[in-house]
Each structure stands twice: as C-alpha cells, then as structure tokens.
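Asker: Just so it is clear, I am handing over query.cif, which has mmCIF, C-alpha atoms (C1' of nucleotides).
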```cif
data_work
#
loop_
_atom_site.group_PDB
_atom_site.id
_atom_site.type_symbol
_atom_site.label_atom_id
_atom_site.label_comp_id
_atom_site.auth_asym_id
_atom_site.auth_seq_id
_atom_site.Cartn_x
_atom_site.Cartn_y
_atom_site.Cartn_z
ATOM 1 C CA MET A 1 199.276 76.788 112.984
ATOM 2 C CA THR A 2 195.850 75.541 112.103
ATOM 3 C CA ALA A 3 193.209 73.792 114.180
ATOM 4 C CA LEU A 4 193.555 70.009 114.149
ATOM 5 C CA THR A 5 191.537 66.958 115.113
ATOM 6 C CA VAL A 6 193.634 64.013 116.291
ATOM 7 C CA ALA A 7 191.932 60.643 116.755
ATOM 8 C CA THR A 8 192.802 57.137 117.874
ATOM 9 C CA PHE A 9 190.841 54.048 116.850
ATOM 10 C CA ASN A 10 191.445 50.380 117.611
ATOM 11 C CA ILE A 11 189.898 49.049 114.424
ATOM 12 C CA ASN A 12 190.191 45.312 115.227
ATOM 13 C CA GLY A 13 191.059 44.138 111.706
ATOM 14 C CA ILE A 14 191.474 46.807 109.039
ATOM 15 C CA ARG A 15 190.508 44.550 106.151
ATOM 16 C CA SER A 16 187.191 43.400 107.570
ATOM 17 C CA ARG A 17 186.482 46.909 108.856
ATOM 18 C CA LEU A 18 187.599 49.004 105.876
ATOM 19 C CA PRO A 19 184.089 50.236 104.923
ATOM 20 C CA ALA A 20 183.542 51.362 108.530
ATOM 21 C CA LEU A 21 186.879 53.175 108.551
ATOM 22 C CA LEU A 22 186.144 54.980 105.299
ATOM 23 C CA ALA A 23 182.651 55.979 106.433
ATOM 24 C CA TRP A 24 184.056 57.388 109.662
ATOM 25 C CA LEU A 25 186.854 59.301 107.876
ATOM 26 C CA GLU A 26 184.364 60.809 105.470
ATOM 27 C CA ARG A 27 181.917 61.829 108.186
ATOM 28 C CA GLU A 28 184.300 63.137 110.870
ATOM 29 C CA ARG A 29 187.285 64.185 108.717
ATOM 30 C CA PRO A 30 189.982 63.894 111.419
ATOM 31 C CA ASP A 31 193.328 65.419 110.445
ATOM 32 C CA ILE A 32 195.480 62.752 112.105
ATOM 33 C CA VAL A 33 194.438 59.180 112.895
ATOM 34 C CA CYS A 34 196.220 56.534 114.944
ATOM 35 C CA LEU A 35 194.997 53.015 114.215
ATOM 36 C CA GLN A 36 195.645 49.846 116.221
ATOM 37 C CA GLU A 37 195.039 46.152 115.748
ATOM 38 C CA LEU A 38 195.359 46.193 111.981
ATOM 39 C CA LYS A 39 195.674 42.361 112.022
ATOM 40 C CA CYS A 40 197.156 42.643 108.579
ATOM 41 C CA PRO A 41 200.589 42.013 107.034
ATOM 42 C CA ASP A 42 202.299 45.039 105.502
ATOM 43 C CA GLU A 43 201.649 43.940 101.923
ATOM 44 C CA ALA A 44 197.897 43.710 102.515
ATOM 45 C CA PHE A 45 197.411 47.202 103.982
ATOM 46 C CA PRO A 46 194.602 48.951 102.015
ATOM 47 C CA GLN A 47 196.734 51.924 101.016
ATOM 48 C CA ALA A 48 194.874 52.754 97.806
ATOM 49 C CA ALA A 49 191.462 53.044 99.458
ATOM 50 C CA ILE A 50 192.861 55.231 102.228
ATOM 51 C CA GLU A 51 194.652 57.480 99.748
ATOM 52 C CA ALA A 52 191.458 57.762 97.721
ATOM 53 C CA ALA A 53 189.772 58.992 100.897
ATOM 54 C CA GLY A 54 192.327 61.791 101.073
ATOM 55 C CA TYR A 55 194.807 60.398 103.595
ATOM 56 C CA GLY A 56 198.477 59.585 103.445
ATOM 57 C CA ALA A 57 199.489 56.629 105.609
ATOM 58 C CA LEU A 58 202.338 54.907 107.380
ATOM 59 C CA TRP A 59 201.807 51.418 108.717
ATOM 60 C CA HIS A 60 203.629 48.790 110.726
ATOM 61 C CA GLY A 61 201.732 45.551 110.379
ATOM 62 C CA GLN A 62 202.205 41.877 111.017
ATOM 63 C CA LYS A 63 200.329 38.704 110.223
ATOM 64 C CA SER A 64 197.211 37.969 112.314
ATOM 65 C CA TRP A 65 197.856 40.245 115.297
ATOM 66 C CA ASN A 66 198.723 43.734 116.447
ATOM 67 C CA GLY A 67 199.683 46.323 113.833
ATOM 68 C CA VAL A 68 199.553 50.124 114.007
ATOM 69 C CA ALA A 69 199.175 52.916 111.439
ATOM 70 C CA ILE A 70 199.222 56.706 111.290
ATOM 71 C CA LEU A 71 197.045 58.543 108.756
ATOM 72 C CA ALA A 72 197.228 62.243 107.915
ATOM 73 C CA ARG A 73 194.733 64.157 105.841
ATOM 74 C CA GLY A 74 196.284 65.631 102.710
ATOM 75 C CA MET A 75 199.836 64.513 103.442
ATOM 76 C CA THR A 76 201.972 61.486 104.162
ATOM 77 C CA PRO A 77 203.341 61.421 107.726
ATOM 78 C CA LEU A 78 207.121 61.526 108.012
ATOM 79 C CA GLU A 79 208.257 58.462 109.937
ATOM 80 C CA SER A 80 210.524 59.049 112.928
ATOM 81 C CA ARG A 81 210.393 55.644 114.666
ATOM 82 C CA ARG A 82 209.160 52.114 114.052
ATOM 83 C CA GLY A 83 208.990 50.012 117.221
ATOM 84 C CA LEU A 84 209.828 51.018 120.790
ATOM 85 C CA PRO A 85 213.499 50.987 121.754
ATOM 86 C CA GLY A 86 214.722 48.803 124.580
ATOM 87 C CA ASP A 87 214.165 45.210 123.415
ATOM 88 C CA ALA A 88 215.640 44.023 120.130
ATOM 89 C CA ASP A 89 213.802 40.688 120.522
ATOM 90 C CA ASP A 90 210.313 42.232 120.666
ATOM 91 C CA SER A 91 208.650 41.153 117.414
ATOM 92 C CA HIS A 92 205.203 42.701 118.030
ATOM 93 C CA SER A 93 204.160 45.636 115.824
ATOM 94 C CA ARG A 94 202.899 47.979 118.520
ATOM 95 C CA TYR A 95 204.544 51.370 118.069
ATOM 96 C CA LEU A 96 204.902 53.811 115.195
ATOM 97 C CA GLU A 97 205.911 57.467 115.382
ATOM 98 C CA ALA A 98 205.816 60.218 112.790
ATOM 99 C CA ALA A 99 205.683 63.945 112.188
ATOM 100 C CA ALA A 100 202.440 65.252 110.690
ATOM 101 C CA HIS A 101 200.738 68.651 110.598
ATOM 102 C CA GLY A 102 203.393 70.106 112.886
ATOM 103 C CA LEU A 103 203.140 67.431 115.607
ATOM 104 C CA ILE A 104 205.130 64.392 116.610
ATOM 105 C CA VAL A 105 202.610 61.574 116.879
ATOM 106 C CA GLY A 106 203.324 58.331 118.698
ATOM 107 C CA CYS A 107 200.756 55.633 117.884
ATOM 108 C CA LEU A 108 200.786 52.753 120.347
ATOM 109 C CA TYR A 109 199.055 49.484 121.079
ATOM 110 C CA LEU A 110 200.021 48.551 124.598
ATOM 111 C CA PRO A 111 199.875 44.804 125.346
ATOM 112 C CA ASN A 112 196.607 43.557 126.836
ATOM 113 C CA GLY A 113 198.433 41.461 129.437
ATOM 114 C CA ASN A 114 195.839 38.777 130.116
ATOM 115 C CA PRO A 115 195.846 36.358 131.728
ATOM 116 C CA GLN A 116 197.440 37.800 134.816
ATOM 117 C CA PRO A 117 199.632 36.924 136.512
ATOM 118 C CA GLY A 118 201.805 35.304 133.855
ATOM 119 C CA PRO A 119 204.259 35.974 131.040
ATOM 120 C CA LYS A 120 201.795 38.120 129.081
ATOM 121 C CA PHE A 121 201.310 40.395 132.050
ATOM 122 C CA ASP A 122 205.078 40.576 132.555
ATOM 123 C CA TYR A 123 205.405 41.565 128.891
ATOM 124 C CA LYS A 124 202.778 44.265 129.348
ATOM 125 C CA LEU A 125 204.584 45.815 132.301
ATOM 126 C CA ALA A 126 207.987 45.574 130.598
ATOM 127 C CA TRP A 127 206.540 47.224 127.467
ATOM 128 C CA PHE A 128 205.066 49.957 129.644
ATOM 129 C CA GLU A 129 208.505 50.638 131.157
ATOM 130 C CA ARG A 130 210.006 50.972 127.689
ATOM 131 C CA LEU A 131 207.196 53.375 126.749
ATOM 132 C CA ILE A 132 207.824 55.486 129.857
ATOM 133 C CA ALA A 133 211.528 55.686 129.064
ATOM 134 C CA HIS A 134 210.879 56.663 125.469
ATOM 135 C CA ALA A 135 208.185 59.171 126.463
ATOM 136 C CA GLN A 136 210.665 60.971 128.712
ATOM 137 C CA GLY A 137 212.946 61.445 125.732
ATOM 138 C CA LEU A 138 210.064 62.878 123.715
ATOM 139 C CA LEU A 139 209.294 65.342 126.504
ATOM 140 C CA ASP A 140 212.937 66.324 126.779
ATOM 141 C CA SER A 141 212.924 67.166 123.070
ATOM 142 C CA GLY A 142 210.461 69.989 123.761
ATOM 143 C CA HIS A 143 208.525 69.181 120.598
ATOM 144 C CA PRO A 144 204.721 69.231 120.511
ATOM 145 C CA VAL A 145 203.967 65.520 120.994
ATOM 146 C CA VAL A 146 200.838 63.371 121.056
ATOM 147 C CA LEU A 147 200.964 59.807 122.419
ATOM 148 C CA ALA A 148 197.738 58.170 121.309
ATOM 149 C CA GLY A 149 196.442 54.658 121.246
ATOM 150 C CA ASP A 150 194.981 51.666 123.005
ATOM 151 C CA TYR A 151 196.755 51.688 126.377
ATOM 152 C CA ASN A 152 194.835 48.689 127.707
ATOM 153 C CA VAL A 153 194.579 50.465 131.071
ATOM 154 C CA VAL A 154 191.377 51.525 132.838
ATOM 155 C CA PRO A 155 192.723 54.438 134.899
ATOM 156 C CA THR A 156 190.151 54.356 137.729
ATOM 157 C CA ASP A 157 187.248 52.265 139.029
ATOM 158 C CA GLU A 158 184.950 55.265 139.258
ATOM 159 C CA LEU A 159 184.501 57.040 135.925
ATOM 160 C CA ASP A 160 186.418 54.805 133.505
ATOM 161 C CA ILE A 161 184.382 51.600 133.752
ATOM 162 C CA TYR A 162 180.690 50.760 134.171
ATOM 163 C CA SER A 163 181.465 48.461 137.106
ATOM 164 C CA PRO A 164 184.799 46.950 138.111
ATOM 165 C CA ARG A 165 183.200 43.897 139.722
ATOM 166 C CA SER A 166 183.676 41.363 136.936
ATOM 167 C CA TRP A 167 187.017 42.884 135.868
ATOM 168 C CA LYS A 168 188.838 42.832 139.212
ATOM 169 C CA LYS A 169 191.312 40.181 138.059
ATOM 170 C CA ASP A 170 191.733 41.591 134.569
ATOM 171 C CA ALA A 171 195.119 42.966 133.511
ATOM 172 C CA LEU A 172 193.457 46.255 132.495
ATOM 173 C CA LEU A 173 192.593 47.124 136.098
ATOM 174 C CA GLN A 174 195.613 45.827 138.020
ATOM 175 C CA PRO A 175 197.426 48.175 140.413
ATOM 176 C CA GLU A 176 200.689 47.606 138.510
ATOM 177 C CA SER A 177 199.060 48.679 135.220
ATOM 178 C CA ARG A 178 197.532 51.746 136.840
ATOM 179 C CA ALA A 179 200.739 52.695 138.617
ATOM 180 C CA ALA A 180 202.616 52.614 135.317
ATOM 181 C CA TRP A 181 199.913 54.791 133.739
ATOM 182 C CA GLN A 182 200.206 57.276 136.614
ATOM 183 C CA ARG A 183 203.989 57.372 136.326
ATOM 184 C CA LEU A 184 203.662 58.123 132.623
ATOM 185 C CA LEU A 185 201.224 60.973 133.317
ATOM 186 C CA ALA A 186 203.443 62.292 136.120
ATOM 187 C CA GLN A 187 206.132 63.034 133.543
ATOM 188 C CA GLY A 188 203.920 65.925 132.482
ATOM 189 C CA TRP A 189 201.470 64.468 129.967
ATOM 190 C CA THR A 190 197.841 65.625 129.808
ATOM 191 C CA ASP A 191 195.085 63.001 129.456
ATOM 192 C CA ALA A 192 192.948 64.951 126.972
ATOM 193 C CA LEU A 193 189.525 63.439 127.645
ATOM 194 C CA ARG A 194 189.814 63.389 131.420
ATOM 195 C CA HIS A 195 191.290 66.891 131.527
ATOM 196 C CA LEU A 196 188.331 68.389 129.693
ATOM 197 C CA HIS A 197 185.703 66.148 131.324
ATOM 198 C CA PRO A 198 186.870 65.574 134.910
ATOM 199 C CA ASP A 199 183.500 64.330 136.196
ATOM 200 C CA ALA A 200 182.122 62.445 133.190
ATOM 201 C CA ARG A 201 181.764 58.724 132.654
ATOM 202 C CA ILE A 202 183.618 58.099 129.406
ATOM 203 C CA TYR A 203 183.984 54.764 127.626
ATOM 204 C CA THR A 204 185.880 53.889 124.455
ATOM 205 C CA PHE A 205 185.521 50.083 124.418
ATOM 206 C CA TRP A 206 182.580 47.743 124.863
ATOM 207 C CA ASP A 207 183.283 44.016 124.908
ATOM 208 C CA TYR A 208 181.511 41.863 122.352
ATOM 209 C CA PHE A 209 180.483 39.503 125.142
ATOM 210 C CA ARG A 210 177.231 39.693 127.040
ATOM 211 C CA GLN A 211 175.638 42.598 125.168
ATOM 212 C CA ARG A 212 177.935 45.122 126.742
ATOM 213 C CA TRP A 213 177.323 47.704 124.008
ATOM 214 C CA GLU A 214 173.561 47.418 124.355
ATOM 215 C CA ARG A 215 173.935 47.889 128.131
ATOM 216 C CA ASP A 216 176.521 50.686 127.756
ATOM 217 C CA ALA A 217 178.840 48.561 129.884
ATOM 218 C CA GLY A 218 182.062 50.128 128.636
ATOM 219 C CA LEU A 219 185.650 50.821 129.600
ATOM 220 C CA ARG A 220 187.900 53.805 128.887
ATOM 221 C CA ILE A 221 191.167 52.365 127.587
ATOM 222 C CA ASP A 222 191.933 54.437 124.467
ATOM 223 C CA HIS A 223 193.785 57.593 125.426
ATOM 224 C CA LEU A 224 195.261 60.749 123.887
ATOM 225 C CA LEU A 225 198.163 62.303 125.790
ATOM 226 C CA LEU A 226 199.571 65.765 125.078
ATOM 227 C CA SER A 227 203.029 67.054 125.899
ATOM 228 C CA PRO A 228 203.249 70.318 127.897
ATOM 229 C CA ALA A 229 204.138 72.262 124.756
ATOM 230 C CA LEU A 230 200.849 71.174 123.212
ATOM 231 C CA ALA A 231 198.455 71.142 126.171
ATOM 232 C CA PRO A 232 197.485 74.848 125.903
ATOM 233 C CA ARG A 233 196.004 74.122 122.474
ATOM 234 C CA LEU A 234 193.517 71.517 123.753
ATOM 235 C CA ARG A 235 189.940 72.665 123.043
ATOM 236 C CA GLU A 236 187.567 69.694 122.804
ATOM 237 C CA ALA A 237 187.632 65.925 123.159
ATOM 238 C CA GLY A 238 185.149 63.125 122.741
ATOM 239 C CA VAL A 239 184.249 59.641 121.561
ATOM 240 C CA ASP A 240 182.532 58.881 118.249
ATOM 241 C CA ARG A 241 180.122 56.430 119.829
ATOM 242 C CA TRP A 242 177.993 56.191 116.692
ATOM 243 C CA VAL A 243 180.755 54.092 115.086
ATOM 244 C CA ARG A 244 180.387 51.411 117.795
ATOM 245 C CA GLY A 245 176.671 51.141 117.061
ATOM 246 C CA GLU A 246 177.082 50.324 113.369
ATOM 247 C CA PRO A 247 176.720 46.755 112.054
ATOM 248 C CA LYS A 248 179.923 44.692 112.328
ATOM 249 C CA ALA A 249 181.614 47.382 114.424
ATOM 250 C CA SER A 250 184.973 47.154 116.142
ATOM 251 C CA ASP A 251 184.683 46.669 119.892
ATOM 252 C CA HIS A 252 186.309 50.126 120.258
ATOM 253 C CA ALA A 253 184.994 53.546 119.197
ATOM 254 C CA PRO A 254 187.176 56.318 117.727
ATOM 255 C CA THR A 255 188.385 58.738 120.405
ATOM 256 C CA TRP A 256 189.471 62.255 119.439
ATOM 257 C CA MET A 257 190.603 65.682 120.524
ATOM 258 C CA ARG A 258 190.458 69.077 118.888
ATOM 259 C CA LEU A 259 193.496 71.380 119.061
ATOM 260 C CA GLY A 260 193.195 75.109 118.503
ATOM 261 C CA ALA A 261 195.466 77.129 116.281
ATOM 262 C "C1'" DA B 262 182.618 29.600 133.542
ATOM 263 C "C1'" DT B 263 180.105 32.014 130.322
ATOM 264 C "C1'" DG B 264 179.700 35.093 126.190
ATOM 265 C "C1'" DT B 265 181.694 37.347 120.535
ATOM 266 C "C1'" DC B 266 184.501 38.271 116.704
ATOM 267 C "C1'" DC B 267 188.844 38.589 114.190
ATOM 268 C "C1'" DT B 268 192.741 35.910 111.598
ATOM 269 C "C1'" DG B 269 194.907 31.919 109.540
ATOM 270 C "C1'" DG B 270 195.431 27.093 108.594
ATOM 271 C "C1'" DA B 271 193.431 23.402 106.846
ATOM 272 C "C1'" DT B 272 188.651 22.501 105.751
ATOM 273 C "C1'" DA B 273 183.453 22.101 105.764
ATOM 274 C "C1'" DC B 274 185.728 23.435 112.027
ATOM 275 C "C1'" DC B 275 189.376 24.818 115.166
ATOM 276 C "C1'" DA B 276 193.025 27.463 117.725
ATOM 277 C "C1'" DG B 277 194.769 31.703 119.498
ATOM 278 C "C1'" DG B 278 194.159 36.378 120.895
ATOM 279 C "C1'" DA B 279 191.459 39.939 122.838
#
```
Re-express the file's structure as structure tokens.
Answerer:
Amino acid sequence: MTALTVATFNINGIRSRLPALLAWLERERPDIVCLQELKCPDEAFPQAAIEAAGYGALWHGQKSWNGVAILARGMTPLESRRGLPGDADDSHSRYLEAAAHGLIVGCLYLPNGNPQPGPKFDYKLAWFERLIAHAQGLLDSGHPVVLAGDYNVVPTDELDIYSPRSWKKDALLQPESRAAWQRLLAQGWTDALRHLHPDARIYTFWDYFRQRWERDAGLRIDHLLLSPALAPRLREAGVDRWVRGEPKASDHAPTWMRLGA
DNA sequence: ATGTCCTGGATACCAGGA
C-alpha cells in the first residue's frame, strides 16, 4: 500500500470552473478526487482535459443540476455503483461509487433540502436514510471505504459554522439533518477532519452572498468519512482554502485527507 | 428580505437551484 491523498470538491459547474480544477490538480496532485455539482450532461464532461492532467475519470452527470464524478491519478476508477439504491424514481445524479488505488470510494452530493419544511427537505431526509442503509452494507463488506462529498449538513453550531444565527431555519442546521448525520457516524465511520482537529474551526463553504468569503463566514459541510478498516491509516486532513480565494471560485473549497501506507 | 453565481431557454433578460 502506498500513501494516498483523497479529496472532495463541490466544483459548482465543471465547465465554467475547468481552469480552476486543472490548476488545483496540478498544484496539489491528489490521488483520488470526488467532485459534486458538475451541472453538466454526460456528453459534455471535459474528459480529455482531465485525462491530459493525468487523471482517469468516471462521471454521472445530468443537465443543469447535480452531477458527481470520481477522478484517480494514473488510472481509471472501476465503477461499482451508479445511484443510491432504494428509490427507482429518483432521477437526481447524486451518488457514484468506484474502486481506485485499493479503496472503495463513494462520492455523494446529499440534497440541500431548502426550503424547510417542505418536499425538498423530505427528499433530503429520505435520501439520507437511503445513504445510511447503503453505508451499513459497505461497512459489512469489511472493505476499506471512503464516503466523501457535500453532505449539506453542518454538524454542530460551535466549530462548524461562523455563527448559526442567520442559518437557524436552514436545512443544513436542522436537528433532523444532524441526527441523520450522527446516526451515519454511529455506524462506525470516522469524520476525518474533525477526528484530527477536534478543537479547530474548520469551514469548507462560504456563501457568495454578503461577502462571506471576505469575512471568513464559512460552514463545514464537505466531509470525508473512513470505514474502520481504513481509519488507522489517517494521517493528515485539511482544506485547500487558497482555491476559494481565486477569481471566479466555486463557493466550496477542496477538502482532503492523507492516508499513510 | 437581502445578497451572488451557475445553467438553460429564449433573447438582449429571466427562472430555478443553491
């Protein structure tokens, strides 16, 4: 086994953000990348540019919204699942799973759920239940698994958000969202960033509104979870904040962890 | 309520989503 960097990045439109993605890949050279919010139909995915950067890719896109991809440096990931089980009528492209560099990687874009209450929030919670059910199966397999992506959940009011005041009614902070997150973790998953930095304020998303980047008014909603088989390899984790400060940046920054050999 | 930025459809802006 070799050391690996695994990252997740909500890119908010892969076509308009392709130069930013390529610059980040070149500078940080992650081994595995989970991307969300491609906002791009399958036929328009920029495969050639990503391959030229040294990455094989799988993608599950759709027109206008959602869309997830898994990149692996020097290889093409081997797809194991496209879409979460449990609802044949769910047309959103929000889950993709593959084997790469000796890991099973689940890349997810959990529904935002706003406004709440309402049908979008119900969809979020139902999607979360399907994720929890599927995650249990992954744990039962005993394989080394990473579940990475935009969970659209701020785990706590204290270290995961600059101030909860103006977000109290937001779907990202609701008790139901947080309870689902806690039930997922209670299966045995390790929240990589929080595990290594138990007392640090960590943000991965800064809203475009109201100069929230300039004020460092962020939220931690992009998460990397490790299965018990993999947790002993966790060495480092962080957020590539420099990406958020570039011109025309996504509202999220890449979030990563380093696994030892 | 406000603010910004993406996509797509039909225009020289708007709607929908986040």
Asker: Need to verify the contact set: Phe209 of chain A, 12 Å, only C-alpha atoms (C1' of nucleotides), exclusion of same-chain residues closer than 6 positions in sequence. Can you return it as number ranges by chain?
Answerer: A: 215, 217-218, 251; B: 263-266, 279
Asker: Determine, counting all atoms listed in the file, which protein, DNA and RNA residues have an atom within 7 Å of an atom of segment 83-92 of chain A; residues of the same chain fewer than 3 positions away are not included. Present the result as a list in words.
Answerer: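 What passes the distance filter is Asn66, Tyr95, Leu96, Arg130 and Leu131 of chain A.
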Asker: Selection in question (the file shown): the PyMOL selection byres ((chain A and resi 156) around 12). Which residues does it include, as a list of chain:residue names?
Answerer: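 Given this file, the PyMOL selection byres ((chain A and resi 156) around 12) evaluates to A:Val153, A:Val154, A:Pro155, A:Asp157, A:Glu158, A:Leu159, A:Asp160, A:Ile161, A:Tyr162, A:Ser163, A:Pro164, A:Lys168, A:Leu172, A:Leu173, A:Gln174, A:Pro175, A:Ser177, A:Arg178, A:Ala179, A:Trp181, A:Gln182, A:Arg194, A:Arg201, A:Ile202, A:Tyr203, A:Leu219, A:Arg220, A:Ile221.
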Asker: Could you give me, as a Markdown table, every chain A residue with an atom at most 8 Å from chain B, plus its closest atom pair and distance in Å to one decimal, counting all atoms listed in the file, rows ordered by chain then number?
Answerer:
```
| residue | atom | partner | partner_atom | distance |
| --- | --- | --- | --- | --- |
| A:Asn12 | CA | B:DC267 | C1' | 6.9 |
| A:Gly13 | CA | B:DC267 | C1' | 6.5 |
| A:Lys39 | CA | B:DT268 | C1' | 7.1 |
| A:Ser64 | CA | B:DT268 | C1' | 5.0 |
| A:Trp65 | CA | B:DT268 | C1' | 7.7 |
| A:Asn112 | CA | B:DA279 | C1' | 7.5 |
| A:Tyr208 | CA | B:DT265 | C1' | 4.9 |
| A:Phe209 | CA | B:DG264 | C1' | 4.6 |
| A:Arg210 | CA | B:DG264 | C1' | 5.3 |
```
Asker: Tell me, in Å to one decimal, how far atom CA of Glu37 of chain A is from atom CA of Arg94 of chain A.
Answerer: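 Atom CA of Glu37 of chain A sits 8.5 Å away from atom CA of Arg94 of chain A.
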Asker: From the list A:Gly113, A:Thr204, A:Glu97, A:Leu22, which residue is nearest Lys169 of chain A when using all atoms listed in the file?
Answerer: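 Going through A:Gly113, A:Thr204, A:Glu97, A:Leu22 one by one, the smallest distance to Lys169 of chain A is for A:Gly113.
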Asker: Name the closest residue to Gln187 of chain A among the candidates A:Glu246, A:Asp240, A:Glu43, A:Asp140; distances are taken between atoms, counting only C-alpha atoms.
Answerer: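 With only C-alpha atoms as the atom set, the closest residue is A:Asp140.
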Asker: Evaluated on this file, the PyMOL selection byres ((chain A and resi 232) around 12) picks out some residues - which ones are they, written as a list in words?
Answerer: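 Selection result, ordered by chain and number: Pro144, Trp189, Thr190, Ala192, His195, Leu196, Leu226, Ser227, Pro228, Ala229, Leu230, Ala231, Arg233, Leu234, Arg235, Glu236, Arg258, Leu259, Gly260 and Ala261 of chain A.
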Asker: Write the residues of the preceding selection, restricted to C-alpha atoms, as a PDB file, in the coordinates of the input.
Answerer:
```pdb
ATOM      1  CA  PRO A 144     204.721  69.231 120.511  1.00  0.00           C
ATOM      2  CA  TRP A 189     201.470  64.468 129.967  1.00  0.00           C
ATOM      3  CA  THR A 190     197.841  65.625 129.808  1.00  0.00           C
ATOM      4  CA  ALA A 192     192.948  64.951 126.972  1.00  0.00           C
ATOM      5  CA  HIS A 195     191.290  66.891 131.527  1.00  0.00           C
ATOM      6  CA  LEU A 196     188.331  68.389 129.693  1.00  0.00           C
ATOM      7  CA  LEU A 226     199.571  65.765 125.078  1.00  0.00           C
ATOM      8  CA  SER A 227     203.029  67.054 125.899  1.00  0.00           C
ATOM      9  CA  PRO A 228     203.249  70.318 127.897  1.00  0.00           C
ATOM     10  CA  ALA A 229     204.138  72.262 124.756  1.00  0.00           C
ATOM     11  CA  LEU A 230     200.849  71.174 123.212  1.00  0.00           C
ATOM     12  CA  ALA A 231     198.455  71.142 126.171  1.00  0.00           C
ATOM     13  CA  ARG A 233     196.004  74.122 122.474  1.00  0.00           C
ATOM     14  CA  LEU A 234     193.517  71.517 123.753  1.00  0.00           C
ATOM     15  CA  ARG A 235     189.940  72.665 123.043  1.00  0.00           C
ATOM     16  CA  GLU A 236     187.567  69.694 122.804  1.00  0.00           C
ATOM     17  CA  ARG A 258     190.458  69.077 118.888  1.00  0.00           C
ATOM     18  CA  LEU A 259     193.496  71.380 119.061  1.00  0.00           C
ATOM     19  CA  GLY A 260     193.195  75.109 118.503  1.00  0.00           C
ATOM     20  CA  ALA A 261     195.466  77.129 116.281  1.00  0.00           C
TER      21      ALA A 261
END
```
Asker: Given the file above and the PyMOL selection byres ((chain A and resi 149) around 10), which residues are selected, and can you give them as a ChimeraX atom specification?
Answerer: /A:7-10,33-36,68,94-95,106-110,146-148,150-152,221-225,255
Asker: Give the answer as one residue: which of A:Thr2, A:Ser141, A:Gln211, A:Ser93 has the shortest atom-to-atom distance to Cys40 of chain A, using all atoms listed in the file?
Answerer: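 Closest to Cys40 of chain A of all the choices is A:Ser93.
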Asker: Could you check how far atom CA of Pro247 of chain A sits from atom CA of Asp31 of chain A, in Å to one decimal?
Answerer: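 Interatomic distance here is 25.0 Å.
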Asker: Excluding Gly54 of chain A and its own-chain neighbours fewer than 6 positions away, which residues fall within 10 Å of it when counting all atoms listed in the file? Please give them as a PyMOL selection string.
Answerer: chain A and resi 25-26+29+48+71-75
Asker: Would you compute the distance between atom CA of Val105 of chain A and atom CA of Trp24 of chain A? Give it in Å to one decimal.
Answerer: 20.3 Å
Asker: Select, counting only C-alpha atoms (C1' of nucleotides), all protein, DNA and RNA residues no farther than 6 Å from (180.6, 49.0, 125.1) in file coordinates, and express the selection as a list in words.
Answerer: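 Checked against the point, the hits come out as Phe205, Trp206, Asp207, Arg212, Trp213, Asp216, Ala217 and Gly218 of chain A.
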Asker: So, counting all atoms listed in the file, which residue among A:Ala249, A:Val6, A:Ala126, A:Ala200 is closest to Ile104 of chain A?
Answerer: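 The closest residue to Ile104 of chain A is A:Val6.
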